[in-house]
Structure formats: structure tokens, C-alpha cells
Amino acid sequence: MLFIPKARIDDTIPTTAVAKTIWILASAFALTAGLADLRWKKIPNWLTYPAIPAAIILHWMSAGRHAALLSLGGAALGLGLLLPFVLLRSLGGGDWKLVGGLGAFFGPAKLFQVLVYTLLINGVMALCLVIWKRRLGQTLRNLGRMLAAFFRLHLPGSDLTIDNPEAAKIPFGIAAAIAVLLYVASQPWRAF
């Protein structure tokens, strides 16, 4: 007969505490990234690099290997979905790594919802900026040029990338932070 000792309460971390920690860290990660993007117009690597492994480890602690694999899948989904935009220079590398980190915290299904919220918020912010700066005509012409380049399978001109110093830019990190905070506030804080 195999004897398996009962685990003492001190020996295990309650999964609800780890799950709550994941929710809190995801919110803190997004908020810090948003504030950094607002202040310095970039999201620092010291914030984004440790996010994915930390989220995977926390998911493993909370719900085991399956949760860790979902966390890894969320990171891969976030990085994979936005990689074309980074390569076209319409999205910065910090924003890309931010979404990868959010994917690790939320997993694929929840990341998709957060990304939809983020894009809606980013779109509203962009529309407000275009109207405020009175660039509606120029923006519509630029969108037409980007669509034409897409259908001809060419890259858009360098004046339509984030490298253009005259381009009106929306900090993606702020939209992501708002979306994450709204999403987290609307969810029950349980294990993923």
C-alpha cells in the first residue's frame, strides 16, 4: 500500500490567492505600461520581458500544466496577431510585447476580448485626435493609400509608418491599460 501524506495547509499556496494575484498583476502590468507609454512614448523592456514567464509560472501554480499551456498559447496568439503590424511599422515593439504579456496573463480567449476592447478604445482616441488636430481629410487620404498598397501587395510609404515624426500617434499602451482595467473590473477573480 502506498502512503501519501496529507499536505499541510502551510505547504500549498491556495489557488484562489494565486488567481487573485494574476488578476492584480495583469492590471498593474497594463497600467504601468500605459503610464510609461503616456510619459515616455514607449513601453520599456524591463516591464515587458518578465511578464510572459511570470504569468506562465503563476498560472502553473494556480491551476497546473494546462493553465500554463493556455498562458503560453495566449502569449503566442498576442505576439502572432500583431507581428504583421510591427513588421509594417504601424505598431511599435513595446506595444507588441505588451500584448504578448497580456496574452500570457489572460490566455487566448480572454486576450481576444481584451484586444477588441483595446482596439475600440484606440479607435475612439484616434478619431478624437484626428478631429482635434483637424486632419480628417489627410487621414482619409492616408487610409486610401494604405488600402491601395495592401491590395497591390506593396508596403505603404515610409510617411505612413510610426517612424514619421509628423504623424499623429496614439499611445496604444493607454488604450490597452484602459481596456484591461475595464475588463478586470467586470470579471470574477477566479482561476483561468
# chains A, B, ... in the order shown; residues from 1 in each chain; ligands from 1
>>> residues_around(residues="Ile22 (chain A)", least_positions_apart="3", cutoff="12 Å", atoms="only C-alpha atoms", output="VMD selection string")
chain A and resid 15 to 19 25 to 29 51 to 52 54 to 63 67 71 101 to 102 104 to 107 184 189 to 192
>>> residues_around(residues="Gln113 (chain A)", least_positions_apart="4", cutoff="10 Å", atoms="only C-alpha atoms", output="compact mmCIF listing (two decimals) with C-alpha atoms, in the first residue's frame")
# COMPACT_ATOMS: atom_id res chain seq x y z
CA PHE A 106 -5.27 36.26 -19.84
CA PRO A 108 -6.25 33.14 -25.73
CA ALA A 109 -10.00 33.58 -25.17
CA TYR A 117 -11.83 46.49 -26.23
CA THR A 118 -8.34 47.89 -26.77
CA ALA A 179 -9.30 48.09 -21.71
CA VAL A 180 -7.60 45.80 -19.18
CA TYR A 183 -12.22 44.07 -18.33
>>> closest_residue(among="A:Ala148, A:Ala75, A:Met125, A:Ile162", to="Gly93 (chain A)", atoms="only C-alpha atoms")
A:Ile162
>>> residues_around(residues="Leu91 (chain A)", least_positions_apart="3", cutoff="10 Å", atoms="only C-alpha atoms", output="PyMOL selection string")
chain A and resi 82-88+94-96+161-163+171-172
>>> select_by_dssp(residues="chain A", states="helix (DSSP H, G or I)", output="count of residues only")
142
>>> closest_residue(among="A:Ala68, A:Ser90, A:Ala185, A:Lys169", to="Met146 (chain A)", atoms="only C-alpha atoms")
A:Ser90
>>> closest_residue(among="A:Leu140, A:Leu155, A:Ala176, A:Leu160", to="Asn122 (chain A)", atoms="only C-alpha atoms")
A:Ala176
>>> closest_residue(among="A:Ile170, A:Lys97, A:Leu120, A:Arg89", to="Trp46 (chain A)", atoms="only C-alpha atoms")
A:Lys97
>>> residues_around(residues="Gly144 (chain A)", least_positions_apart="6", cutoff="12 Å", atoms="only C-alpha atoms", output="list in words")
Gly137, Gln138, Phe150, Phe151, Pro156 and Leu160 of chain A
>>> atom_distance(atom1="CA of Leu79 (chain A)", atom2="CA of Leu35 (chain A)")
21.3 Å
>>> atom_distance(atom1="CA of Gly100 (chain A)", atom2="CA of Thr21 (chain A)")
18.6 Å
>>> residues_around(residues="Val130 (chain A)", least_positions_apart="6", cutoff="8 Å", atoms="only C-alpha atoms", output="JSON, numbers by chain")
{"A": [136, 139, 168]}
>>> atom_distance(atom1="CA of Leu31 (chain A)", atom2="CA of Ala177 (chain A)")
5.0 Å
>>> decode(residues="region 57-105 of chain A", atoms="N, CA and C atoms", output="mmCIF file, in the first residue's frame")
data_model
loop_
_atom_site.group_PDB
_atom_site.id
_atom_site.type_symbol
_atom_site.label_atom_id
_atom_site.label_comp_id
_atom_site.auth_asym_id
_atom_site.auth_seq_id
_atom_site.Cartn_x
_atom_site.Cartn_y
_atom_site.Cartn_z
ATOM 1 N N ILE A 57 4.325 31.004 -15.012
ATOM 2 C CA ILE A 57 4.619 30.370 -13.712
ATOM 3 C C ILE A 57 3.432 30.522 -12.762
ATOM 4 N N LEU A 58 2.845 31.702 -12.723
ATOM 5 C CA LEU A 58 1.693 31.908 -11.835
ATOM 6 C C LEU A 58 0.508 31.042 -12.249
ATOM 7 N N HIS A 59 0.287 30.902 -13.533
ATOM 8 C CA HIS A 59 -0.796 30.029 -13.996
ATOM 9 C C HIS A 59 -0.517 28.577 -13.621
ATOM 10 N N TRP A 60 0.738 28.174 -13.730
ATOM 11 C CA TRP A 60 1.115 26.808 -13.345
ATOM 12 C C TRP A 60 0.825 26.597 -11.866
ATOM 13 N N MET A 61 1.187 27.573 -11.043
ATOM 14 C CA MET A 61 0.946 27.472 -9.605
ATOM 15 C C MET A 61 -0.545 27.455 -9.281
ATOM 16 N N SER A 62 -1.310 28.192 -10.054
ATOM 17 C CA SER A 62 -2.734 28.324 -9.782
ATOM 18 C C SER A 62 -3.536 27.105 -10.209
ATOM 19 N N ALA A 63 -3.283 26.617 -11.429
ATOM 20 C CA ALA A 63 -4.148 25.555 -11.952
ATOM 21 C C ALA A 63 -3.398 24.466 -12.705
ATOM 22 N N GLY A 64 -2.094 24.432 -12.618
ATOM 23 C CA GLY A 64 -1.345 23.335 -13.197
ATOM 24 C C GLY A 64 -0.889 23.555 -14.623
ATOM 25 N N ARG A 65 -0.444 22.448 -15.214
ATOM 26 C CA ARG A 65 0.174 22.477 -16.534
ATOM 27 C C ARG A 65 -0.779 22.984 -17.617
ATOM 28 N N HIS A 66 -2.025 22.590 -17.565
ATOM 29 C CA HIS A 66 -2.995 23.022 -18.573
ATOM 30 C C HIS A 66 -3.118 24.546 -18.590
ATOM 31 N N ALA A 67 -3.195 25.150 -17.414
ATOM 32 C CA ALA A 67 -3.297 26.610 -17.332
ATOM 33 C C ALA A 67 -2.023 27.276 -17.844
ATOM 34 N N ALA A 68 -0.872 26.681 -17.554
ATOM 35 C CA ALA A 68 0.387 27.237 -18.045
ATOM 36 C C ALA A 68 0.447 27.163 -19.567
ATOM 37 N N LEU A 69 -0.049 26.064 -20.139
ATOM 38 C CA LEU A 69 -0.076 25.943 -21.601
ATOM 39 C C LEU A 69 -1.041 26.950 -22.226
ATOM 40 N N LEU A 70 -2.171 27.196 -21.571
ATOM 41 C CA LEU A 70 -3.094 28.228 -22.064
ATOM 42 C C LEU A 70 -2.441 29.606 -21.998
ATOM 43 N N SER A 71 -1.688 29.841 -20.939
ATOM 44 C CA SER A 71 -0.976 31.107 -20.801
ATOM 45 C C SER A 71 0.045 31.274 -21.925
ATOM 46 N N LEU A 72 0.781 30.217 -22.198
ATOM 47 C CA LEU A 72 1.750 30.247 -23.293
ATOM 48 C C LEU A 72 1.035 30.447 -24.634
ATOM 49 N N GLY A 73 -0.104 29.799 -24.812
ATOM 50 C CA GLY A 73 -0.884 29.977 -26.033
ATOM 51 C C GLY A 73 -1.393 31.403 -26.192
ATOM 52 N N GLY A 74 -1.781 32.025 -25.085
ATOM 53 C CA GLY A 74 -2.220 33.422 -25.134
ATOM 54 C C GLY A 74 -1.097 34.352 -25.546
ATOM 55 N N ALA A 75 0.098 34.100 -25.014
ATOM 56 C CA ALA A 75 1.255 34.917 -25.399
ATOM 57 C C ALA A 75 1.557 34.746 -26.886
ATOM 58 N N ALA A 76 1.532 33.501 -27.358
ATOM 59 C CA ALA A 76 1.797 33.231 -28.774
ATOM 60 C C ALA A 76 0.742 33.887 -29.663
ATOM 61 N N LEU A 77 -0.523 33.823 -29.245
ATOM 62 C CA LEU A 77 -1.593 34.448 -30.024
ATOM 63 C C LEU A 77 -1.394 35.959 -30.115
ATOM 64 N N GLY A 78 -1.134 36.589 -28.979
ATOM 65 C CA GLY A 78 -0.937 38.040 -28.974
ATOM 66 C C GLY A 78 0.241 38.462 -29.834
ATOM 67 N N LEU A 79 1.349 37.752 -29.703
ATOM 68 C CA LEU A 79 2.535 38.093 -30.494
ATOM 69 C C LEU A 79 2.301 37.791 -31.973
ATOM 70 N N GLY A 80 1.622 36.696 -32.261
ATOM 71 C CA GLY A 80 1.376 36.322 -33.654
ATOM 72 C C GLY A 80 0.410 37.255 -34.365
ATOM 73 N N LEU A 81 -0.652 37.659 -33.660
ATOM 74 C CA LEU A 81 -1.647 38.536 -34.285
ATOM 75 C C LEU A 81 -1.072 39.904 -34.649
ATOM 76 N N LEU A 82 -0.205 40.421 -33.796
ATOM 77 C CA LEU A 82 0.275 41.780 -34.018
ATOM 78 C C LEU A 82 1.616 41.856 -34.738
ATOM 79 N N LEU A 83 2.260 40.725 -34.976
ATOM 80 C CA LEU A 83 3.555 40.749 -35.659
ATOM 81 C C LEU A 83 3.497 41.423 -37.028
ATOM 82 N N PRO A 84 2.474 41.174 -37.862
ATOM 83 C CA PRO A 84 2.445 41.874 -39.161
ATOM 84 C C PRO A 84 2.430 43.398 -39.021
ATOM 85 N N PHE A 85 1.761 43.900 -38.007
ATOM 86 C CA PHE A 85 1.698 45.356 -37.814
ATOM 87 C C PHE A 85 3.038 45.924 -37.369
ATOM 88 N N VAL A 86 3.791 45.141 -36.610
ATOM 89 C CA VAL A 86 5.133 45.560 -36.207
ATOM 90 C C VAL A 86 6.052 45.569 -37.430
ATOM 91 N N LEU A 87 5.944 44.534 -38.262
ATOM 92 C CA LEU A 87 6.785 44.451 -39.452
ATOM 93 C C LEU A 87 6.474 45.556 -40.455
ATOM 94 N N LEU A 88 5.224 46.002 -40.499
ATOM 95 C CA LEU A 88 4.840 47.108 -41.384
ATOM 96 C C LEU A 88 5.131 48.470 -40.761
ATOM 97 N N ARG A 89 5.636 48.462 -39.551
ATOM 98 C CA ARG A 89 5.973 49.677 -38.794
ATOM 99 C C ARG A 89 4.750 50.540 -38.501
ATOM 100 N N SER A 90 3.610 49.881 -38.277
ATOM 101 C CA SER A 90 2.420 50.618 -37.857
ATOM 102 C C SER A 90 2.157 50.414 -36.369
ATOM 103 N N LEU A 91 2.994 49.606 -35.723
ATOM 104 C CA LEU A 91 2.894 49.350 -34.287
ATOM 105 C C LEU A 91 4.308 49.159 -33.758
ATOM 106 N N GLY A 92 4.557 49.706 -32.586
ATOM 107 C CA GLY A 92 5.894 49.610 -32.005
ATOM 108 C C GLY A 92 6.151 48.272 -31.326
ATOM 109 N N GLY A 93 7.418 47.969 -31.130
ATOM 110 C CA GLY A 93 7.811 46.723 -30.495
ATOM 111 C C GLY A 93 7.351 46.623 -29.053
ATOM 112 N N GLY A 94 7.331 47.726 -28.339
ATOM 113 C CA GLY A 94 6.857 47.703 -26.950
ATOM 114 C C GLY A 94 5.381 47.364 -26.859
ATOM 115 N N ASP A 95 4.596 47.898 -27.782
ATOM 116 C CA ASP A 95 3.172 47.572 -27.830
ATOM 117 C C ASP A 95 2.971 46.092 -28.130
ATOM 118 N N TRP A 96 3.784 45.568 -29.036
ATOM 119 C CA TRP A 96 3.726 44.164 -29.413
ATOM 120 C C TRP A 96 4.023 43.272 -28.214
ATOM 121 N N LYS A 97 5.091 43.596 -27.485
ATOM 122 C CA LYS A 97 5.456 42.791 -26.309
ATOM 123 C C LYS A 97 4.424 42.950 -25.192
ATOM 124 N N LEU A 98 3.803 44.124 -25.107
ATOM 125 C CA LEU A 98 2.730 44.340 -24.129
ATOM 126 C C LEU A 98 1.585 43.363 -24.391
ATOM 127 N N VAL A 99 1.178 43.226 -25.631
ATOM 128 C CA VAL A 99 0.072 42.324 -25.968
ATOM 129 C C VAL A 99 0.481 40.873 -25.734
ATOM 130 N N GLY A 100 1.730 40.534 -25.994
ATOM 131 C CA GLY A 100 2.213 39.189 -25.674
ATOM 132 C C GLY A 100 2.132 38.914 -24.181
ATOM 133 N N GLY A 101 2.511 39.893 -23.373
ATOM 134 C CA GLY A 101 2.402 39.747 -21.920
ATOM 135 C C GLY A 101 0.960 39.644 -21.457
ATOM 136 N N LEU A 102 0.088 40.450 -22.044
ATOM 137 C CA LEU A 102 -1.331 40.360 -21.697
ATOM 138 C C LEU A 102 -1.899 39.003 -22.091
ATOM 139 N N GLY A 103 -1.452 38.479 -23.227
ATOM 140 C CA GLY A 103 -1.877 37.143 -23.635
ATOM 141 C C GLY A 103 -1.462 36.088 -22.629
ATOM 142 N N ALA A 104 -0.267 36.236 -22.081
ATOM 143 C CA ALA A 104 0.196 35.280 -21.068
ATOM 144 C C ALA A 104 -0.631 35.390 -19.789
ATOM 145 N N PHE A 105 -1.024 36.581 -19.431
ATOM 146 C CA PHE A 105 -1.845 36.752 -18.230
ATOM 147 C C PHE A 105 -3.275 36.255 -18.443
#
